[in-house]
Amino acid sequence: MFNLILFGPPGSGKGTQSENLIKKYGLKHLSTGDLLRSEIKQGTPLGMEAKSFMDKGQLVPNEVVIGMISSAVDANPKVAGFLFDGFPRTTAQADALDKLLELKKTSISLMLALEVSEEELVKRLLKRGQTSGRSDDTNENVIRERINVYHNETSAVAEHYRKFNKVEMIEGEGSIDEIFASISKEIDAKLK
Ligand code: ADP
């Protein structure tokens, strides 16, 4: 299996590049943000709990997202690999993911980390907020909080995978096609 983590701060382009990646490499896309928003839309208890954190720009509790990812992995036994998007976001989530994959006799193959400046992130998220219908994209304070959470809790996840030499950095500013070309280059090098 080829299991990829697409990593980076909110607004760095993970969702956009994921769309391209699943088409080219046939990976199963698992986005915790999308899964949570689908729970909210369906009005489930999990969705209701998650919404209160997401609206403030805070992380949903680890056990909630880990449970969700674990079910999604179990529900897809025959895939070529997974593309994890927005997960893991804490070192506890990374430890849980590593254990989960180990049980399936597989592991993370590569983490690609998108690098984008903070001013560009805020600009992109506010622009997305005009059309996405996502309330967490319309309030600049919530956006700044999400970026703070990224620095305080999420960036350590890259250190975790760096220890295993699994991280490659990607310049995340430029055209969508240019960035996709850099991403593809790293994946193809790893697949060889
Ligand atoms: P973005 O990357 O733009 O912040 P996401 O769709 O990935 O958007 O996440 C939206 C929100 O969902 C986050 O701010 C957070 O509240 C919640 N969330 C998503 N993934 C996780 C996760 N792995 N752990 C905890 N909370 C998460």
# chains A, B, ... in the order shown; residues from 1 in each chain; ligands from 1
$ select_by_dssp --residues "stretch 22-160 of chain A" --states "strand (DSSP E or B)" --output "list of chain:residue names"
A:Lys28, A:His29, A:Leu30, A:Ser31, A:Phe82, A:Leu83, A:Phe84, A:Asp85, A:Leu110, A:Met111, A:Leu112, A:Ala113, A:Leu114, A:Glu115
$ residues_around --residues "stretch 70-79 of chain A" --least-positions-apart "3" --cutoff "12 Å" --atoms "only C-alpha atoms" --output "VMD selection string"
chain A and resid 1 to 3 22 25 to 32 35 62 to 67 82 to 84 87 to 88 93 96 to 101 103 to 106
$ write_last_selection --atoms "N, CA and C atoms" --output "compact mmCIF listing (two decimals), in the first residue's frame"
# COMPACT_ATOMS: atom_id res chain seq x y z
N MET A 1 0.83 -1.20 0.00
CA MET A 1 0.00 0.00 0.00
C MET A 1 0.86 1.25 0.00
N PHE A 2 0.31 2.31 -0.56
CA PHE A 2 0.99 3.60 -0.50
C PHE A 2 0.11 4.55 0.30
N ASN A 3 0.57 4.91 1.51
CA ASN A 3 -0.23 5.76 2.40
C ASN A 3 0.43 7.12 2.56
N ILE A 22 -6.14 11.96 -5.78
CA ILE A 22 -6.93 10.72 -5.79
C ILE A 22 -7.17 10.26 -7.22
N TYR A 25 -3.54 8.87 -8.57
CA TYR A 25 -2.91 7.71 -7.92
C TYR A 25 -3.91 6.69 -7.37
N GLY A 26 -5.21 6.97 -7.51
CA GLY A 26 -6.22 6.00 -7.07
C GLY A 26 -6.24 5.75 -5.57
N LEU A 27 -5.85 6.77 -4.79
CA LEU A 27 -5.86 6.61 -3.34
C LEU A 27 -7.25 6.90 -2.77
N LYS A 28 -7.54 6.33 -1.63
CA LYS A 28 -8.81 6.61 -0.94
C LYS A 28 -8.61 7.85 -0.06
N HIS A 29 -9.40 8.89 -0.35
CA HIS A 29 -9.25 10.18 0.34
C HIS A 29 -9.96 10.15 1.69
N LEU A 30 -9.24 10.36 2.77
CA LEU A 30 -9.87 10.47 4.09
C LEU A 30 -9.56 11.84 4.68
N SER A 31 -10.53 12.74 4.62
CA SER A 31 -10.38 14.08 5.16
C SER A 31 -11.22 14.18 6.43
N THR A 32 -10.57 14.40 7.57
CA THR A 32 -11.35 14.49 8.82
C THR A 32 -12.29 15.69 8.77
N LEU A 35 -15.27 14.60 6.77
CA LEU A 35 -16.05 13.60 7.53
C LEU A 35 -16.84 14.29 8.65
N ASN A 62 -9.32 14.29 20.37
CA ASN A 62 -8.61 13.20 19.69
C ASN A 62 -9.45 11.94 19.53
N GLU A 63 -10.11 11.51 20.65
CA GLU A 63 -10.82 10.22 20.58
C GLU A 63 -11.92 10.24 19.52
N VAL A 64 -12.51 11.41 19.30
CA VAL A 64 -13.59 11.51 18.30
C VAL A 64 -13.02 11.28 16.89
N VAL A 65 -11.97 12.02 16.55
CA VAL A 65 -11.43 11.90 15.18
C VAL A 65 -10.71 10.57 14.98
N ILE A 66 -10.06 10.07 16.02
CA ILE A 66 -9.36 8.78 15.88
C ILE A 66 -10.39 7.67 15.62
N GLY A 67 -11.50 7.71 16.34
CA GLY A 67 -12.56 6.72 16.14
C GLY A 67 -13.11 6.78 14.73
N PHE A 82 -4.17 5.05 1.26
CA PHE A 82 -4.99 6.13 1.77
C PHE A 82 -4.28 7.47 1.60
N LEU A 83 -5.08 8.49 1.37
CA LEU A 83 -4.58 9.86 1.41
C LEU A 83 -5.22 10.52 2.64
N PHE A 84 -4.42 10.76 3.66
CA PHE A 84 -4.91 11.40 4.87
C PHE A 84 -4.76 12.91 4.73
N PHE A 87 -5.46 15.11 8.93
CA PHE A 87 -5.22 14.11 9.97
C PHE A 87 -3.89 13.43 9.69
N PRO A 88 -3.04 13.13 10.67
CA PRO A 88 -3.16 13.50 12.08
C PRO A 88 -2.83 14.97 12.34
N GLN A 93 -2.77 11.74 17.78
CA GLN A 93 -3.42 11.20 16.58
C GLN A 93 -2.41 10.46 15.70
N ALA A 96 -1.76 7.08 17.21
CA ALA A 96 -2.92 6.21 16.98
C ALA A 96 -2.95 5.71 15.54
N LEU A 97 -2.63 6.61 14.59
CA LEU A 97 -2.63 6.24 13.18
C LEU A 97 -1.55 5.18 12.90
N ASP A 98 -0.36 5.39 13.45
CA ASP A 98 0.72 4.43 13.23
C ASP A 98 0.31 3.04 13.73
N LYS A 99 -0.32 2.98 14.90
CA LYS A 99 -0.76 1.69 15.46
C LYS A 99 -1.84 1.04 14.60
N LEU A 100 -2.76 1.88 14.16
CA LEU A 100 -3.86 1.40 13.32
C LEU A 100 -3.33 0.77 12.03
N LEU A 101 -2.36 1.44 11.40
CA LEU A 101 -1.81 0.94 10.15
C LEU A 101 -0.96 -0.31 10.39
N LEU A 103 -1.52 -2.59 12.55
CA LEU A 103 -2.46 -3.72 12.65
C LEU A 103 -2.85 -4.23 11.27
N LYS A 104 -2.82 -3.33 10.29
CA LYS A 104 -3.15 -3.70 8.90
C LYS A 104 -1.89 -4.09 8.14
N LYS A 105 -0.79 -4.28 8.86
CA LYS A 105 0.51 -4.64 8.26
C LYS A 105 0.97 -3.62 7.22
N THR A 106 0.72 -2.35 7.50
CA THR A 106 1.18 -1.31 6.59
C THR A 106 1.64 -0.11 7.42
$ closest_atom_pairs --of "chain A" --to "ligand 1" --cutoff "10 Å" --atoms "only C-alpha atoms and all ligand atoms" --output "CSV"
residue,atom,partner,partner_atom_place_in_ligand_line,distance
A:Phe7,CA,ligand 1,2 (O),9.1
A:Gly8,CA,ligand 1,2 (O),7.7
A:Pro9,CA,ligand 1,2 (O),6.2
A:Pro10,CA,ligand 1,2 (O),3.6
A:Gly11,CA,ligand 1,3 (O),5.0
A:Ser12,CA,ligand 1,2 (O),7.5
A:Gly13,CA,ligand 1,2 (O),8.2
A:Lys14,CA,ligand 1,2 (O),7.2
A:Gly15,CA,ligand 1,2 (O),7.9
A:Ser31,CA,ligand 1,7 (O),6.8
A:Thr32,CA,ligand 1,20 (N),4.4
A:Gly33,CA,ligand 1,6 (O),3.3
A:Asp34,CA,ligand 1,6 (O),5.8
A:Leu35,CA,ligand 1,19 (C),8.3
A:Leu36,CA,ligand 1,12 (O),6.6
A:Arg37,CA,ligand 1,12 (O),7.7
A:Ala50,CA,ligand 1,16 (O),7.2
A:Lys51,CA,ligand 1,16 (O),7.7
A:Ser52,CA,ligand 1,16 (O),8.5
A:Phe53,CA,ligand 1,16 (O),5.5
A:Met54,CA,ligand 1,16 (O),3.6
A:Asp55,CA,ligand 1,16 (O),7.1
A:Lys56,CA,ligand 1,16 (O),7.5
A:Gly57,CA,ligand 1,14 (O),4.7
A:Gln58,CA,ligand 1,16 (O),4.8
A:Leu59,CA,ligand 1,26 (N),3.7
A:Val60,CA,ligand 1,26 (N),3.8
A:Pro61,CA,ligand 1,25 (C),5.9
A:Asn62,CA,ligand 1,24 (N),6.0
A:Glu63,CA,ligand 1,24 (N),9.0
A:Val64,CA,ligand 1,25 (C),8.0
A:Val65,CA,ligand 1,24 (N),5.6
A:Ile66,CA,ligand 1,23 (N),7.7
A:Met68,CA,ligand 1,23 (N),9.6
A:Ile69,CA,ligand 1,23 (N),8.8
A:Phe84,CA,ligand 1,23 (N),9.4
A:Asp85,CA,ligand 1,7 (O),6.9
A:Gly86,CA,ligand 1,7 (O),4.3
A:Phe87,CA,ligand 1,23 (N),4.1
A:Pro88,CA,ligand 1,23 (N),5.1
A:Arg89,CA,ligand 1,23 (N),4.7
A:Thr90,CA,ligand 1,24 (N),7.1
A:Ala92,CA,ligand 1,24 (N),9.9
A:Gln93,CA,ligand 1,23 (N),7.2
A:Ala94,CA,ligand 1,23 (N),9.4
A:Leu121,CA,ligand 1,3 (O),9.4
A:Arg124,CA,ligand 1,3 (O),9.8
A:Leu125,CA,ligand 1,3 (O),7.4
A:Arg128,CA,ligand 1,3 (O),9.5
A:Arg134,CA,ligand 1,10 (C),9.0
A:Asp136,CA,ligand 1,14 (O),7.4
A:Asp137,CA,ligand 1,3 (O),7.8
A:Val142,CA,ligand 1,14 (O),8.7
A:Ile143,CA,ligand 1,4 (O),8.1
A:Glu145,CA,ligand 1,14 (O),8.8
A:Arg146,CA,ligand 1,14 (O),5.8
A:Ile147,CA,ligand 1,4 (O),8.1
A:Val149,CA,ligand 1,14 (O),8.5
A:Tyr150,CA,ligand 1,4 (O),8.7
A:Thr154,CA,ligand 1,24 (N),9.0
$ select_by_dssp --residues "stretch 39-131 of chain A" --states "helix (DSSP H, G or I)" --output "PyMOL selection string"
chain A and resi 39-42+45-54+62-74+91-103+118-129
$ residues_around --residues "A:Ser182" --least-positions-apart "3" --cutoff "12 Å" --atoms "only C-alpha atoms" --output "count of residues only"
22
$ atom_distance --atom1 "atom CA of A:Thr91" --atom2 "atom CA of A:Ser117"
23.0 Å
$ closest_residue --among "A:Asn139, A:Ser109, A:Asn20, A:Asn148" --to "A:Ala181" --atoms "only C-alpha atoms"
A:Asn20
$ atom_distance --atom1 "atom CA of A:Leu110" --atom2 "atom CA of A:Ser38"
27.1 Å
